[in-house]
Amino acid sequence: NIRFSGGTANPLYYAGNLYVNGEILTDLIVPENIFSLGGWTFVNAVCLKSVTLHENIAGVDREAFDGCVNIESISTVAEFVGTFPKNSLKYATVTNGELKDENTFAGADKLIKADLKGVTFIAEGTFERCASLTQISLDCNALNFSLGKLFGKAEYDNSYAAEQGGEIYYLPVNLNKITVTGGVISDNSFENMKELGSVTLSDVKSIGNRAFAGCAALTAIVIPSTVRSIGDGAFENCSFTETVIPFEVREMGVGAFTNNAGSALFVEGSFNQV
């Protein structure tokens, strides 16, 4: 319940390390009976390595974690992602809400893994210049456009150009693992991601035209039984060795698996439309 009139009013501003019961606090889990964090609550707490906010927290002041430059891991609802410094951020779990700020993670060049499976909207440019990103998990209902729009059109170190839907975007070379949950995968969503080596699909209903076309490093994919349709050229120019089409798939687009040299296609069911 202490409120600080400014950063220097908190003794932690000068101390840098916070001790609880005689032990230095590195991993902060905000208790569920705490519903707000005021300005400068943890100012300059350089001891903090990870922070977890529960889903019912109602307010976090933008200066609550001012100067906490060593935070490597956060778990929070989308609304409060912007309250954390990005200097050392490596792991981010966003449990629900909308990422409306196009610069949410922009410039977080140490970010390795982002789990956004509870997020319902992701702004374009959210991951600009996130050169170290290797894994991303998301709900495809939040991605009704090409993934490249999250990374932007500006080149940066350790990035490569990928054409998606006729536009050129720059993606991190290290981004090789994607998990997609629920709904419809839009046309061109992951097109020409040549470094993408692992894709996990869960509860996906349909896969759009050229959704994974040109993913040359992709050698296998498990198509879940929830999928009902696969679009034109969806997996064209991948490198599958074998693929199983579930019984539940009813529509298969033209050239869905074209130019997967040496691959075997196993079909469990029959199609209403090919």
# chains A, B, ... in the order shown; residues from 1 in each chain; ligands from 1
call {"tool": "select_by_dssp", "arguments": {"residues": "range 196-264 of chain A", "states": "strand (DSSP E)", "output": "ChimeraX atom specification"}}
result
/A:198-207,229-230,242-245,251-252,264
call {"tool": "write_last_selection", "arguments": {"atoms": "N, CA and C atoms", "output": "CSV table (one decimal), in the first residue's frame"}}
result
chain,number,residue,atom,x,y,z
A,198,SER,N,10.1,-26.6,-37.8
A,198,SER,CA,9.2,-27.3,-37.0
A,198,SER,C,7.9,-26.5,-36.9
A,199,VAL,N,6.8,-27.2,-37.2
A,199,VAL,CA,5.5,-26.6,-37.0
A,199,VAL,C,4.6,-27.5,-36.3
A,200,THR,N,3.9,-27.0,-35.2
A,200,THR,CA,2.9,-27.8,-34.5
A,200,THR,C,1.6,-27.2,-34.6
A,201,LEU,N,0.6,-27.9,-35.1
A,201,LEU,CA,-0.8,-27.4,-35.3
A,201,LEU,C,-1.7,-28.1,-34.3
A,202,SER,N,-2.6,-27.3,-33.6
A,202,SER,CA,-3.5,-27.8,-32.7
A,202,SER,C,-4.9,-27.2,-32.9
A,203,ASP,N,-5.9,-28.0,-33.0
A,203,ASP,CA,-7.3,-27.5,-33.2
A,203,ASP,C,-7.5,-26.5,-34.4
A,204,VAL,N,-6.6,-26.6,-35.4
A,204,VAL,CA,-6.7,-25.8,-36.6
A,204,VAL,C,-7.9,-26.4,-37.5
A,205,LYS,N,-8.7,-25.5,-38.0
A,205,LYS,CA,-9.8,-25.9,-38.8
A,205,LYS,C,-9.5,-26.0,-40.3
A,206,SER,N,-8.7,-25.0,-40.8
A,206,SER,CA,-8.4,-25.0,-42.2
A,206,SER,C,-7.0,-24.3,-42.4
A,207,ILE,N,-6.4,-24.7,-43.5
A,207,ILE,CA,-5.1,-24.2,-43.8
A,207,ILE,C,-5.2,-23.5,-45.2
A,229,SER,N,-10.1,-28.5,-44.4
A,229,SER,CA,-9.7,-28.1,-45.8
A,229,SER,C,-8.2,-27.6,-45.8
A,230,ILE,N,-7.6,-27.9,-47.0
A,230,ILE,CA,-6.2,-27.5,-47.2
A,230,ILE,C,-6.2,-26.7,-48.5
A,242,GLU,N,7.2,-37.7,-45.9
A,242,GLU,CA,5.9,-38.3,-46.0
A,242,GLU,C,4.9,-37.4,-45.2
A,243,THR,N,3.6,-37.6,-45.7
A,243,THR,CA,2.6,-36.8,-45.1
A,243,THR,C,1.3,-37.6,-45.0
A,244,VAL,N,0.6,-37.5,-43.8
A,244,VAL,CA,-0.7,-38.2,-43.7
A,244,VAL,C,-1.8,-37.2,-43.7
A,245,ILE,N,-2.7,-37.4,-44.6
A,245,ILE,CA,-3.9,-36.6,-44.7
A,245,ILE,C,-5.0,-37.2,-43.8
A,251,GLU,N,-11.6,-31.1,-48.2
A,251,GLU,CA,-11.3,-30.3,-49.4
A,251,GLU,C,-9.8,-30.2,-49.5
A,252,MET,N,-9.3,-30.4,-50.7
A,252,MET,CA,-7.9,-30.3,-51.0
A,252,MET,C,-7.6,-29.4,-52.1
A,264,ALA,N,6.0,-39.2,-49.8
A,264,ALA,CA,4.9,-40.1,-49.9
A,264,ALA,C,3.7,-39.5,-49.2
call {"tool": "residues_around", "arguments": {"residues": "Glu155 in chain A", "least_positions_apart": "4", "cutoff": "9 Å", "atoms": "only C-alpha atoms", "output": "list of chain:residue names"}}
result
A:Arg129, A:Ser159, A:Tyr160, A:Ala161, A:Tyr169, A:Tyr170, A:Leu171
call {"tool": "closest_residue", "arguments": {"among": "A:Pro31, A:Gly183, A:Gly16, A:Gly22", "to": "Thr52 in chain A", "atoms": "only C-alpha atoms"}}
result
A:Pro31
call {"tool": "residues_around", "arguments": {"residues": "Ala64 in chain A", "least_positions_apart": "6", "cutoff": "7 Å", "atoms": "only C-alpha atoms", "output": "count of residues only"}}
result
7
call {"tool": "residues_around", "arguments": {"residues": "Thr104 in chain A", "least_positions_apart": "5", "cutoff": "9 Å", "atoms": "only C-alpha atoms", "output": "JSON, numbers by chain"}}
result
{"A": [81, 82, 99, 123, 125, 126, 127]}
call {"tool": "write_last_selection", "arguments": {"atoms": "all heavy atoms", "output": "tab-separated table (two decimals), in the first residue's frame"}}
result
chain	number	residue	atom	x	y	z
A	81	VAL	N	2.31	-5.76	-20.86
A	81	VAL	CA	3.61	-6.13	-21.42
A	81	VAL	C	4.52	-4.91	-21.51
A	81	VAL	O	5.73	-4.98	-21.22
A	81	VAL	CB	3.45	-6.77	-22.81
A	81	VAL	CG1	4.81	-6.95	-23.48
A	81	VAL	CG2	2.73	-8.11	-22.71
A	82	GLY	N	3.97	-3.77	-21.88
A	82	GLY	CA	4.77	-2.56	-22.08
A	82	GLY	C	5.36	-1.97	-20.83
A	82	GLY	O	6.17	-1.03	-20.90
A	99	LEU	N	-2.49	-7.35	-28.07
A	99	LEU	CA	-1.24	-6.59	-28.19
A	99	LEU	C	-1.47	-5.51	-29.24
A	99	LEU	O	-1.24	-5.71	-30.43
A	99	LEU	CB	-0.09	-7.52	-28.59
A	99	LEU	CG	0.34	-8.55	-27.55
A	99	LEU	CD1	1.40	-9.50	-28.11
A	99	LEU	CD2	0.86	-7.87	-26.28
A	123	ALA	N	-0.67	-6.63	-33.12
A	123	ALA	CA	-0.46	-5.51	-34.04
A	123	ALA	C	0.71	-5.76	-34.97
A	123	ALA	O	1.67	-6.47	-34.63
A	123	ALA	CB	-0.22	-4.22	-33.25
A	125	GLY	N	4.15	-5.16	-36.74
A	125	GLY	CA	5.40	-4.60	-36.22
A	125	GLY	C	5.73	-4.99	-34.80
A	125	GLY	O	6.72	-4.52	-34.23
A	126	THR	N	4.92	-5.87	-34.21
A	126	THR	CA	5.13	-6.26	-32.81
A	126	THR	C	6.53	-6.80	-32.54
A	126	THR	O	7.11	-6.56	-31.48
A	126	THR	CB	4.09	-7.31	-32.39
A	126	THR	OG1	2.78	-6.71	-32.42
A	126	THR	CG2	4.35	-7.84	-30.99
A	127	PHE	N	7.12	-7.53	-33.51
A	127	PHE	CA	8.42	-8.16	-33.30
A	127	PHE	C	9.51	-7.58	-34.20
A	127	PHE	O	10.49	-8.28	-34.50
A	127	PHE	CB	8.31	-9.67	-33.54
A	127	PHE	CG	7.49	-10.39	-32.51
A	127	PHE	CD1	6.20	-10.81	-32.81
A	127	PHE	CD2	8.00	-10.64	-31.25
A	127	PHE	CE1	5.44	-11.48	-31.87
A	127	PHE	CE2	7.24	-11.31	-30.31
A	127	PHE	CZ	5.96	-11.73	-30.62
call {"tool": "residues_around", "arguments": {"residues": "Cys68 in chain A", "least_positions_apart": "4", "cutoff": "10 Å", "atoms": "only C-alpha atoms", "output": "PyMOL selection string"}}
result
chain A and resi 16+42-49+64+72+84-88
